[in-house]
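Visitor: This is query36.txt (compact mmCIF, C-alpha atoms).
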```txt
# COMPACT_ATOMS: atom_id res chain seq x y z
CA MET A 15 66.18 -18.60 29.54
CA ASN A 16 68.69 -17.63 26.90
CA GLY A 17 70.14 -21.12 26.65
CA THR A 18 66.87 -22.50 25.24
CA ALA A 19 65.69 -21.96 21.68
CA MET A 20 62.53 -19.87 21.51
CA ASN A 21 59.93 -19.20 18.88
CA SER A 22 59.51 -15.65 17.60
CA MET A 23 56.71 -14.75 20.00
CA GLN A 24 58.62 -16.02 23.05
CA ARG A 25 61.77 -14.24 21.89
CA THR A 26 59.93 -10.96 21.41
CA LEU A 27 57.99 -11.07 24.67
CA THR A 28 61.14 -11.87 26.62
CA THR A 29 62.89 -8.91 25.03
CA LEU A 30 59.97 -6.58 25.73
CA GLY A 31 60.11 -7.74 29.35
CA GLN A 32 63.64 -6.28 29.48
CA GLN A 33 65.16 -9.75 29.70
CA GLU A 34 67.62 -11.49 27.39
CA PRO A 35 66.04 -14.18 25.17
CA ASP A 36 68.00 -16.72 23.11
CA ARG A 37 68.92 -14.05 20.55
CA VAL A 38 68.09 -10.52 19.51
CA PRO A 39 64.73 -10.46 17.69
CA LEU A 40 64.93 -9.47 14.02
CA PHE A 41 62.09 -7.21 12.93
CA LEU A 42 62.90 -6.88 9.24
CA LEU A 43 59.96 -4.76 8.08
CA THR A 44 59.68 -5.75 4.44
CA THR A 45 56.45 -4.76 2.70
CA MET A 46 56.93 -4.48 -1.07
CA HIS A 47 59.48 -7.31 -1.24
CA GLY A 48 56.61 -9.79 -1.24
CA ALA A 49 55.76 -8.57 -4.74
CA LYS A 50 59.25 -9.57 -5.87
CA GLU A 51 58.79 -13.03 -4.40
CA LEU A 52 55.55 -13.50 -6.36
CA ASP A 53 56.79 -11.74 -9.51
CA LEU A 54 53.98 -9.16 -9.31
CA SER A 55 53.89 -5.40 -9.68
CA ILE A 56 53.50 -3.51 -6.40
CA GLU A 57 49.98 -2.43 -7.40
CA GLU A 58 48.91 -5.96 -8.27
CA TYR A 59 50.50 -7.37 -5.12
CA PHE A 60 48.52 -5.06 -2.83
CA SER A 61 45.28 -5.62 -4.76
CA ARG A 62 44.51 -8.92 -3.02
CA ALA A 63 44.90 -10.07 0.57
CA GLU A 64 45.93 -13.53 -0.66
CA HIS A 65 49.00 -12.05 -2.35
CA VAL A 66 50.19 -10.29 0.79
CA ILE A 67 49.53 -13.33 2.98
CA GLU A 68 51.63 -15.51 0.68
CA GLY A 69 54.33 -12.85 0.33
CA GLN A 70 54.65 -12.27 4.06
CA LEU A 71 54.91 -15.99 4.81
CA LEU A 72 57.61 -16.39 2.16
CA LEU A 73 59.57 -13.43 3.58
CA LEU A 74 59.21 -14.79 7.13
CA LYS A 75 60.88 -18.04 6.09
CA LYS A 76 63.42 -16.51 3.72
CA TYR A 77 64.86 -13.92 6.11
CA ARG A 78 64.22 -15.86 9.35
CA ARG A 79 62.73 -12.75 10.85
CA ASP A 80 60.63 -12.59 13.99
CA CYS A 81 57.48 -10.82 12.86
CA LEU A 82 54.86 -10.64 10.15
CA TYR A 83 54.14 -7.15 8.84
CA PRO A 84 50.81 -6.91 6.99
CA PHE A 85 51.23 -3.18 6.35
CA PHE A 86 50.21 -2.27 2.80
CA HIS A 87 50.93 1.46 2.42
CA ALA A 88 50.16 4.64 4.34
CA SER A 89 47.74 5.99 1.74
CA ILE A 90 45.37 3.09 2.37
CA GLU A 91 44.19 5.05 5.41
CA THR A 92 43.49 8.24 3.43
CA GLU A 93 41.60 6.10 0.90
CA ALA A 94 39.09 5.52 3.70
CA TRP A 95 38.64 9.31 3.93
CA GLY A 96 38.00 9.58 0.17
CA GLY A 97 41.60 9.91 -0.99
CA THR A 98 43.44 8.13 -3.78
CA THR A 99 46.67 6.19 -4.13
CA ILE A 100 49.38 6.64 -6.74
CA PHE A 101 51.29 3.42 -7.41
CA LEU A 102 54.94 3.46 -8.42
CA PRO A 103 56.87 0.62 -10.06
CA ASP A 104 59.75 0.66 -7.57
CA GLY A 105 58.69 2.36 -4.36
CA PRO A 106 55.96 2.73 -1.77
CA PRO A 107 52.58 3.95 -3.05
CA LEU A 108 51.90 7.66 -2.55
CA CYS A 109 48.85 9.67 -1.54
CA GLY A 110 46.92 11.52 -4.21
CA ALA A 111 45.47 15.00 -3.72
CA PRO A 112 44.71 16.08 -0.12
CA VAL A 113 41.21 15.19 1.06
CA ILE A 114 41.05 18.41 3.09
CA ALA A 115 41.54 21.25 0.62
CA ARG A 116 40.37 24.02 2.98
CA PRO A 117 40.50 24.20 6.80
CA GLU A 118 36.77 24.98 6.84
CA GLN A 119 36.08 21.39 5.77
CA ILE A 120 37.25 20.22 9.20
CA ASP A 121 34.16 21.77 10.83
CA ASN A 122 31.91 19.04 9.40
CA LEU A 123 34.47 16.25 9.16
CA GLN A 124 33.25 12.82 10.20
CA PRO A 125 35.53 9.80 10.65
CA PRO A 126 34.92 7.07 8.07
CA ALA A 127 33.75 3.61 9.08
CA VAL A 128 36.62 1.15 8.87
CA MET A 129 34.48 -1.73 7.65
CA GLN A 130 33.18 0.32 4.73
CA SER A 131 36.66 0.85 3.28
CA PRO A 132 37.66 -1.85 0.76
CA GLY A 133 41.37 -1.16 1.31
CA LEU A 134 41.19 -1.47 5.07
CA CYS A 135 39.13 -4.63 4.73
CA ARG A 136 41.90 -6.14 2.58
CA VAL A 137 44.37 -5.46 5.37
CA LEU A 138 42.07 -7.06 7.93
CA ALA A 139 41.67 -10.12 5.73
CA THR A 140 45.45 -10.32 5.43
CA ILE A 141 45.88 -10.19 9.20
CA GLY A 142 43.25 -12.88 9.66
CA GLY A 143 44.90 -15.10 7.06
CA LEU A 144 48.31 -14.75 8.67
CA LYS A 145 46.90 -15.43 12.13
CA ALA A 146 45.34 -18.66 10.86
CA GLN A 147 48.78 -19.77 9.66
CA VAL A 148 51.00 -18.89 12.63
CA GLN A 149 48.55 -18.64 15.55
CA ASP A 150 50.55 -17.25 18.50
CA THR A 151 54.05 -18.31 17.41
CA VAL A 152 54.97 -15.14 15.48
CA PRO A 153 54.01 -11.53 16.30
CA ILE A 154 51.75 -9.93 13.68
CA ILE A 155 52.30 -6.18 13.60
CA GLY A 156 49.40 -4.00 12.52
CA VAL A 157 49.87 -0.34 11.63
CA ALA A 158 47.89 2.79 12.39
CA ILE A 159 49.11 6.24 11.40
CA SER A 160 48.84 8.41 14.51
CA PRO A 161 45.94 10.89 14.59
CA PHE A 162 48.57 13.62 15.00
CA SER A 163 50.59 12.61 11.92
CA LEU A 164 47.70 11.58 9.63
CA PRO A 165 46.90 15.23 8.67
CA VAL A 166 50.14 15.47 6.69
CA MET A 167 48.46 13.13 4.22
CA GLN A 168 44.98 14.58 4.71
CA MET A 169 45.88 18.21 4.03
CA GLY A 170 49.62 18.58 3.36
CA PHE A 171 52.45 19.41 5.76
CA ASP A 172 52.48 23.21 5.37
CA SER A 173 48.72 23.59 5.76
CA TYR A 174 48.75 21.31 8.80
CA ILE A 175 51.52 23.17 10.60
CA GLU A 176 49.67 26.44 9.97
CA LEU A 177 46.52 24.85 11.42
CA ILE A 178 48.34 23.79 14.59
CA TYR A 179 49.70 27.28 15.23
CA GLU A 180 46.90 29.47 13.90
CA GLN A 181 43.62 27.58 14.35
CA PRO A 182 43.76 25.61 17.62
CA GLU A 183 40.01 24.97 17.73
CA ARG A 184 39.99 23.43 14.26
CA PHE A 185 43.13 21.48 15.15
CA GLU A 186 41.30 19.99 18.13
CA ARG A 187 38.27 19.19 15.96
CA LEU A 188 40.52 17.37 13.50
CA MET A 189 42.20 15.47 16.33
CA GLN A 190 38.83 14.30 17.65
CA ALA A 191 37.85 12.89 14.25
CA ASN A 192 41.26 11.33 13.68
CA ILE A 193 41.46 9.77 17.13
CA ALA A 194 38.06 8.14 16.62
CA PHE A 195 39.19 6.74 13.27
CA SER A 196 42.66 5.62 14.35
CA VAL A 197 41.37 3.89 17.48
CA GLU A 198 38.66 2.05 15.51
CA TRP A 199 41.23 1.06 12.87
CA ALA A 200 43.79 -0.17 15.41
CA ASN A 201 41.22 -2.14 17.37
CA ALA A 202 39.84 -3.72 14.18
CA GLN A 203 43.34 -5.00 13.39
CA LEU A 204 43.75 -6.39 16.89
CA ALA A 205 40.38 -8.12 16.63
CA ALA A 206 41.44 -9.61 13.28
CA GLY A 207 44.51 -11.18 14.89
CA ALA A 208 47.24 -8.54 15.12
CA THR A 209 49.51 -8.93 18.14
CA ALA A 210 50.36 -5.25 18.47
CA ILE A 211 49.93 -1.94 16.66
CA CYS A 212 52.75 0.14 15.24
CA TYR A 213 51.65 3.74 15.86
CA PHE A 214 53.49 5.76 13.22
CA ASP A 215 53.99 9.29 14.53
CA PRO A 216 56.78 11.07 12.61
CA VAL A 217 55.31 14.55 13.08
CA SER A 218 55.94 14.18 16.84
CA SER A 219 59.65 13.73 16.19
CA THR A 220 61.94 16.56 17.23
CA THR A 221 63.15 16.45 13.64
CA ASN A 222 59.79 17.95 12.66
CA ILE A 223 58.45 19.98 15.60
CA PRO A 224 60.00 21.52 18.73
CA ARG A 225 59.90 19.52 21.95
CA ASP A 226 57.62 22.06 23.67
CA LEU A 227 55.08 21.79 20.87
CA TYR A 228 55.16 17.99 21.08
CA LEU A 229 54.35 18.14 24.78
CA LYS A 230 51.28 20.27 24.07
CA THR A 231 50.09 18.39 20.98
CA GLY A 232 51.52 15.06 19.83
CA GLN A 233 52.07 13.67 23.31
CA GLN A 234 48.57 14.58 24.46
CA VAL A 235 47.01 13.08 21.34
CA ALA A 236 49.04 9.90 21.84
CA LYS A 237 47.89 9.59 25.45
CA ARG A 238 44.26 9.97 24.38
CA ALA A 239 44.54 7.52 21.49
CA LEU A 240 46.75 4.82 23.01
CA ALA A 241 44.56 4.61 26.10
CA GLN A 242 41.71 3.42 23.85
CA ILE A 243 43.71 0.87 21.81
CA LYS A 244 43.01 -2.60 23.18
CA GLY A 245 46.49 -4.04 22.83
CA PRO A 246 50.19 -3.18 23.01
CA THR A 247 51.59 -0.43 20.81
CA ALA A 248 54.95 0.56 19.38
CA THR A 249 55.47 4.23 18.56
CA HIS A 250 57.58 4.74 15.45
CA MET A 251 59.16 8.04 14.44
CA ALA A 252 59.84 6.89 10.86
CA SER A 253 63.48 8.08 10.74
CA GLY A 254 62.85 11.12 12.94
CA ARG A 255 64.78 11.94 16.10
CA CYS A 256 63.32 11.18 19.52
CA LEU A 257 66.15 11.30 22.08
CA PRO A 258 65.01 14.65 23.59
CA ILE A 259 61.49 13.28 24.15
CA MET A 260 62.19 9.64 25.01
CA ALA A 261 60.88 9.97 28.58
CA GLU A 262 57.76 11.74 27.35
CA ILE A 263 57.07 9.08 24.71
CA ALA A 264 57.31 6.46 27.47
CA GLU A 265 54.65 8.40 29.41
CA THR A 266 52.12 7.77 26.63
CA GLY A 267 51.99 4.07 27.56
CA THR A 268 53.67 2.71 24.45
CA ALA A 269 55.87 -0.39 24.77
CA VAL A 270 58.40 0.19 21.97
CA VAL A 271 59.96 3.20 20.25
CA GLY A 272 61.19 3.01 16.65
CA VAL A 273 64.41 5.03 16.63
CA SER A 274 66.48 6.85 14.03
CA VAL A 275 69.94 6.24 12.66
CA LEU A 276 70.48 9.97 13.22
CA GLU A 277 70.89 9.28 16.94
CA ASP A 278 73.27 7.04 18.88
CA LEU A 279 71.76 3.71 19.94
CA ALA A 280 73.70 3.57 23.19
CA LYS A 281 72.36 6.99 24.22
CA LEU A 282 68.84 6.00 23.20
CA LYS A 283 69.08 2.78 25.23
CA ALA A 284 70.25 4.73 28.27
CA ALA A 285 67.42 7.23 27.86
CA ALA A 286 64.83 4.45 27.56
CA LYS A 287 65.78 3.33 31.10
CA GLN A 288 63.95 0.01 30.61
CA ARG A 289 60.63 1.87 30.44
CA VAL A 290 60.34 1.17 26.72
CA SER A 291 62.13 -1.14 24.30
CA LEU A 292 63.88 0.08 21.18
CA LEU A 293 63.36 -0.91 17.54
CA GLY A 294 66.04 0.10 15.05
CA ASN A 295 68.14 1.57 13.77
CA LEU A 296 69.76 0.26 10.57
CA ASN A 297 69.93 2.86 7.80
CA GLY A 298 67.48 1.69 5.15
CA ILE A 299 68.63 4.26 2.61
CA GLU A 300 72.30 3.33 2.89
CA MET A 301 71.31 -0.31 3.01
CA ARG A 302 70.68 -0.15 -0.74
CA ARG A 303 74.44 0.21 -1.27
CA TRP A 304 75.79 -2.05 1.46
CA THR A 305 77.90 -5.07 0.76
CA PRO A 306 77.10 -8.17 2.81
CA GLU A 307 80.22 -7.38 4.87
CA GLN A 308 78.95 -3.88 5.63
CA ALA A 309 75.57 -5.30 6.58
CA GLU A 310 77.22 -7.63 9.09
CA ALA A 311 79.28 -4.77 10.55
CA GLU A 312 76.19 -2.58 10.99
CA VAL A 313 74.25 -5.38 12.66
CA LYS A 314 77.14 -6.07 14.99
CA ARG A 315 77.44 -2.36 15.87
CA ALA A 316 73.74 -2.04 16.66
CA ILE A 317 73.67 -5.15 18.84
CA ALA A 318 76.80 -4.06 20.69
CA LYS A 319 75.26 -0.69 21.51
CA ALA A 320 71.76 -1.75 22.51
CA GLY A 321 71.47 -5.53 22.78
CA ARG A 322 72.51 -6.22 26.33
CA GLY A 323 69.78 -6.66 28.90
CA GLY A 324 67.03 -7.21 26.35
CA GLY A 325 64.76 -4.36 25.37
CA PHE A 326 66.10 -4.22 21.80
CA LEU A 327 64.60 -5.36 18.50
CA LEU A 328 66.84 -5.08 15.46
CA GLY A 329 65.28 -3.49 12.39
CA ASP A 330 65.61 -0.60 9.99
CA ASN A 331 65.14 2.97 11.19
CA HIS A 332 62.15 3.96 9.03
CA GLY A 333 59.66 1.13 9.37
CA GLU A 334 59.87 -0.07 5.77
CA ILE A 335 62.76 -1.62 3.84
CA PRO A 336 63.17 0.18 0.48
CA TRP A 337 62.38 -1.77 -2.68
CA GLN A 338 65.96 -1.28 -3.91
CA VAL A 339 67.61 -3.14 -1.02
CA PRO A 340 68.92 -6.39 -2.56
CA ASP A 341 68.37 -9.88 -1.24
CA ASP A 342 72.02 -10.50 -0.46
CA VAL A 343 72.01 -7.59 1.98
CA LEU A 344 68.84 -8.70 3.74
CA LEU A 345 70.12 -12.28 3.94
CA ALA A 346 73.43 -10.96 5.33
CA ILE A 347 71.52 -9.03 8.02
CA SER A 348 69.67 -12.19 8.98
CA ALA A 349 72.87 -14.26 9.08
CA ALA A 350 74.62 -11.59 11.17
CA VAL A 351 71.83 -11.64 13.74
CA GLU A 352 72.19 -15.41 13.98
CA ARG A 353 75.94 -15.04 14.46
CA TRP A 354 76.22 -11.96 16.69
CA GLY A 355 72.78 -11.76 18.32
CA ARG A 356 73.02 -14.89 20.45
CA TYR A 357 72.84 -14.23 24.18
CA PRO A 358 74.87 -13.81 26.28
CA LEU A 359 76.66 -11.16 24.21
CA ASP A 360 80.10 -11.87 25.68
CA TRP A 361 81.88 -10.60 22.57
CA VAL A 362 80.68 -7.05 23.24
CA ASP A 363 83.29 -6.66 26.00
CA ASP A 364 86.04 -6.81 23.36
CA TRP A 365 84.15 -4.83 20.72
CA SER A 366 85.12 -1.32 19.63
CA ASP A 367 83.25 1.06 17.32
CA GLY A 368 86.09 1.33 14.87
CA GLY A 369 84.13 -0.13 11.99
CA GLY A 370 82.63 -3.02 13.94
```
Give the structure from the file, written as structure tokens.
Guide:
Amino acid sequence: MNGTAMNSMQRTLTTLGQQEPDRVPLFLLTTMHGAKELDLSIEEYFSRAEHVIEGQLLLLKKYRRDCLYPFFHASIETEAWGGTTIFLPDGPPLCGAPVIARPEQIDNLQPPAVMQSPGLCRVLATIGGLKAQVQDTVPIIGVAISPFSLPVMQMGFDSYIELIYEQPERFERLMQANIAFSVEWANAQLAAGATAICYFDPVSSTTNIPRDLYLKTGQQVAKRALAQIKGPTATHMASGRCLPIMAEIAETGTAVVGVSVLEDLAKLKAAAKQRVSLLGNLNGIEMRRWTPEQAEAEVKRAIAKAGRGGGFLLGDNHGEIPWQVPDDVLLAISAAVERWGRYPLDWVDDWSDGGG
């Protein structure tokens, strides 16, 4: 099939089927950059679904990427639980004070109704607006923070880790409430027109917790949650390591794993064993300082290590391109995918990792 030009949906589905499409799909996960396109502040941009719809469609065309990404910001989920958002002029919005100040509050915690949250309804309207524009030609990627990682925003990292180790019954109670919310939220996005759900789960990464603890907690929560989500999912570690648990992530039923620049793509591809596809793993932080030539070299390196045989989507390693990454770098990434991502990747036989 790789001799025939495909649309973004065909390209992505072929790749996820562990086959080679016409070229490597480019999943350039730009969120805030739409505000730049419309000359709006980040806060104003995310205040209306119409802004994000317009911004995403402009970015789709500008960077020739293969997905739409109607993700606003992580704190929009804690807003549904009664939390607040702190907007910055040049970075992703942050969560305000924790909504769970004391572990005892978990005993009576009830999951909020998705449709009663103005922020979540804006996201759903954005997804619906994008779906009306592209139908089934471009994947629309919804986002749900995993029930296991959401408590970092609900109560703070230290308090959450103490809860996991010291209060297992309350931990389970929190997981029940969070699973109910996350599943409802994911399924609402799918019903609105999302193609798949990105299940952000950085706490499960071996960067953050030991493998044995993941097997007892994060993996079990993922199995329970993903089984109830009525569409395909991609599990993203948001820059965290996952090589030691790749097989166990695949057991949760997810289709894609977002992988870190801290680990070698070739080793990750081997560990995936065609059970899951990989998304990654360009360094978004370093990307701010790349020249266009460096961007091309990094794209070429990633494709050489993981592109053959399908099962690889090129993107950044965190799930969000920083505000400070300039246009010339993002355009260079797109051009490099067009140049080096065309199948068959015959040039890889002569490639060496000495700078690309």
Visitor: List as a list of chain:residue names the protein and nucleic acid residues near stretch 209-225 of chain A, meaning an atom at most 7 Å away when all atoms listed in the file are counted, but skip any in the same chain fewer than 4 places from it.
Guide: A:Pro153, A:Ile154, A:Ile155, A:Gly156, A:Val157, A:Ala158, A:Ile159, A:Ser160, A:Phe162, A:Ser163, A:Ala200, A:Leu204, A:Leu229, A:Gly232, A:Gly245, A:Pro246, A:Thr247, A:Ala248, A:Thr249, A:His250, A:Met251, A:Ala252, A:Gly254, A:Arg255, A:Cys256, A:Ile259
Visitor: What does the file look like for those residues with C-alpha atoms, as a short mmCIF file (atom, residue, chain, number, x, y, z; two decimals), keeping the file's coordinate frame?
Guide:
```cif
data_model
loop_
_atom_site.label_atom_id
_atom_site.label_comp_id
_atom_site.auth_asym_id
_atom_site.auth_seq_id
_atom_site.Cartn_x
_atom_site.Cartn_y
_atom_site.Cartn_z
CA PRO A 153 54.01 -11.53 16.30
CA ILE A 154 51.75 -9.93 13.68
CA ILE A 155 52.30 -6.18 13.60
CA GLY A 156 49.40 -4.00 12.52
CA VAL A 157 49.87 -0.34 11.63
CA ALA A 158 47.89 2.79 12.39
CA ILE A 159 49.11 6.24 11.40
CA SER A 160 48.84 8.41 14.51
CA PHE A 162 48.57 13.62 15.00
CA SER A 163 50.59 12.61 11.92
CA ALA A 200 43.79 -0.17 15.41
CA LEU A 204 43.75 -6.39 16.89
CA LEU A 229 54.35 18.14 24.78
CA GLY A 232 51.52 15.06 19.83
CA GLY A 245 46.49 -4.04 22.83
CA PRO A 246 50.19 -3.18 23.01
CA THR A 247 51.59 -0.43 20.81
CA ALA A 248 54.95 0.56 19.38
CA THR A 249 55.47 4.23 18.56
CA HIS A 250 57.58 4.74 15.45
CA MET A 251 59.16 8.04 14.44
CA ALA A 252 59.84 6.89 10.86
CA GLY A 254 62.85 11.12 12.94
CA ARG A 255 64.78 11.94 16.10
CA CYS A 256 63.32 11.18 19.52
CA ILE A 259 61.49 13.28 24.15
#
```
Visitor: Using all atoms listed in the file, find the one residue out of A:Ala206, A:Leu108, A:Leu71, A:Ala318 that sits nearest to A:Asp363.
Guide: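 Nearest to A:Asp363: A:Ala318.
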Visitor: Here is a test: counting all atoms listed in the file, which residue of A:Arg302, A:His47, A:Arg315, A:Arg238 is nearest to A:Gln70?
Guide: A:His47
Visitor: Quick one: residues within 12 Å of A:Arg78, only C-alpha atoms counted, chain neighbours fewer than 2 positions away excluded, as a ChimeraX atom specification?
Guide: /A:21-22,39-43,70-76,80-82,152,344-352
Visitor: Could you check how far atom CA of A:His87 sits from atom CA of A:Val38, in Å to one decimal?
Guide: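 Taking atom CA of A:His87 and atom CA of A:Val38, their separation equals 27.0 Å.
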Visitor: State, in Å with one decimal place, the distance from atom CA of A:Glu34 to atom CA of A:Gly323.
Guide: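 For atom CA of A:Glu34 relative to atom CA of A:Gly323, the distance reads 5.5 Å.
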Visitor: Restricting the calculation to all atoms listed in the file, which member of A:Phe85, A:Trp304, A:Tyr357, A:Phe326 is positioned closest to A:Arg289?
Guide: A:Phe326
Visitor: In Å to one decimal, how far is atom CA of A:Leu279 from atom CA of A:His332?
Guide: 14.5 Å
Visitor: Would you list the contacts of stretch 50-67 of chain A as a PyMOL selection string, taking every protein, DNA or RNA residue within 7 Å and counting only C-alpha atoms, but skipping same-chain residues closer than 4 positions in sequence?
Guide: chain A and resi 46+71+86+101+103+136-137+139-140+143-144
Visitor: Report as a list in words all protein, DNA and RNA residues lying within 12 Å of A:Glu300, evaluated on only C-alpha atoms, omitting residues in the same chain fewer than 6 positions from it.
Guide: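 Selected residues are Val275, Gln308, Ala309, Glu312, Asp330, Asn331, His332, Ile335, Pro336, Gln338, Val339, Pro340 and Val343 of chain A.
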Visitor: Need to verify the contact set: stretch 173-175 of chain A, 9 Å, only C-alpha atoms, exclusion of same-chain residues closer than 4 positions in sequence. Can you return it as a ChimeraX atom specification?
Guide: /A:116-117,165-166,168-169,179-180,185
Visitor: In file coordinates, which residues lie within 10 Å of (43.6, 20.1, 21.3) using all atoms listed in the file, given as a ChimeraX atom specification?
Guide: /A:178,182-190,230-232,234-235
Visitor: With all atoms listed in the file as the basis for distance, which of A:Gln33, A:Ser274, A:Thr45, A:Thr268 is at the shortest distance from A:Asn295?
Guide: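 Once distances to A:Asn295 are computed over all atoms listed in the file, the minimum belongs to A:Ser274.
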Visitor: Nearest to A:Ile141: which of A:Gly325, A:Pro107, A:Pro358, A:Pro84 is it, counting all atoms listed in the file?
Guide: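 Smallest distance to A:Ile141 is found for A:Pro84.
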Visitor: Which is closer to A:Ile114 than all the others in A:Gly272, A:Ala208, A:Met167, A:Gly69, using all atoms listed in the file?
Guide: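 Result for the nearest residue to A:Ile114: A:Met167.
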Visitor: Take the point (40.3, 6.5, 1.6) as written in the file and pick out every residue within 12 Å of it, counting all atoms listed in the file; give the list as a JSON list (two decimals) with C-alpha atoms, in the frame of the given file.
Guide:
```json
[["chain", "number", "residue", "atom", "x", "y", "z"],
["A", 87, "HIS", "CA", 50.93, 1.46, 2.42],
["A", 88, "ALA", "CA", 50.16, 4.64, 4.34],
["A", 89, "SER", "CA", 47.74, 5.99, 1.74],
["A", 90, "ILE", "CA", 45.37, 3.09, 2.37],
["A", 91, "GLU", "CA", 44.19, 5.05, 5.41],
["A", 92, "THR", "CA", 43.49, 8.24, 3.43],
["A", 93, "GLU", "CA", 41.60, 6.10, 0.90],
["A", 94, "ALA", "CA", 39.09, 5.52, 3.70],
["A", 95, "TRP", "CA", 38.64, 9.31, 3.93],
["A", 96, "GLY", "CA", 38.00, 9.58, 0.17],
["A", 97, "GLY", "CA", 41.60, 9.91, -0.99],
["A", 98, "THR", "CA", 43.44, 8.13, -3.78],
["A", 99, "THR", "CA", 46.67, 6.19, -4.13],
["A", 109, "CYS", "CA", 48.85, 9.67, -1.54],
["A", 110, "GLY", "CA", 46.92, 11.52, -4.21],
["A", 111, "ALA", "CA", 45.47, 15.00, -3.72],
["A", 112, "PRO", "CA", 44.71, 16.08, -0.12],
["A", 113, "VAL", "CA", 41.21, 15.19, 1.06],
["A", 125, "PRO", "CA", 35.53, 9.80, 10.65],
["A", 126, "PRO", "CA", 34.92, 7.07, 8.07],
["A", 127, "ALA", "CA", 33.75, 3.61, 9.08],
["A", 128, "VAL", "CA", 36.62, 1.15, 8.87],
["A", 129, "MET", "CA", 34.48, -1.73, 7.65],
["A", 130, "GLN", "CA", 33.18, 0.32, 4.73],
["A", 131, "SER", "CA", 36.66, 0.85, 3.28],
["A", 132, "PRO", "CA", 37.66, -1.85, 0.76],
["A", 133, "GLY", "CA", 41.37, -1.16, 1.31],
["A", 134, "LEU", "CA", 41.19, -1.47, 5.07],
["A", 135, "CYS", "CA", 39.13, -4.63, 4.73],
["A", 167, "MET", "CA", 48.46, 13.13, 4.22],
["A", 168, "GLN", "CA", 44.98, 14.58, 4.71],
["A", 195, "PHE", "CA", 39.19, 6.74, 13.27]]
```
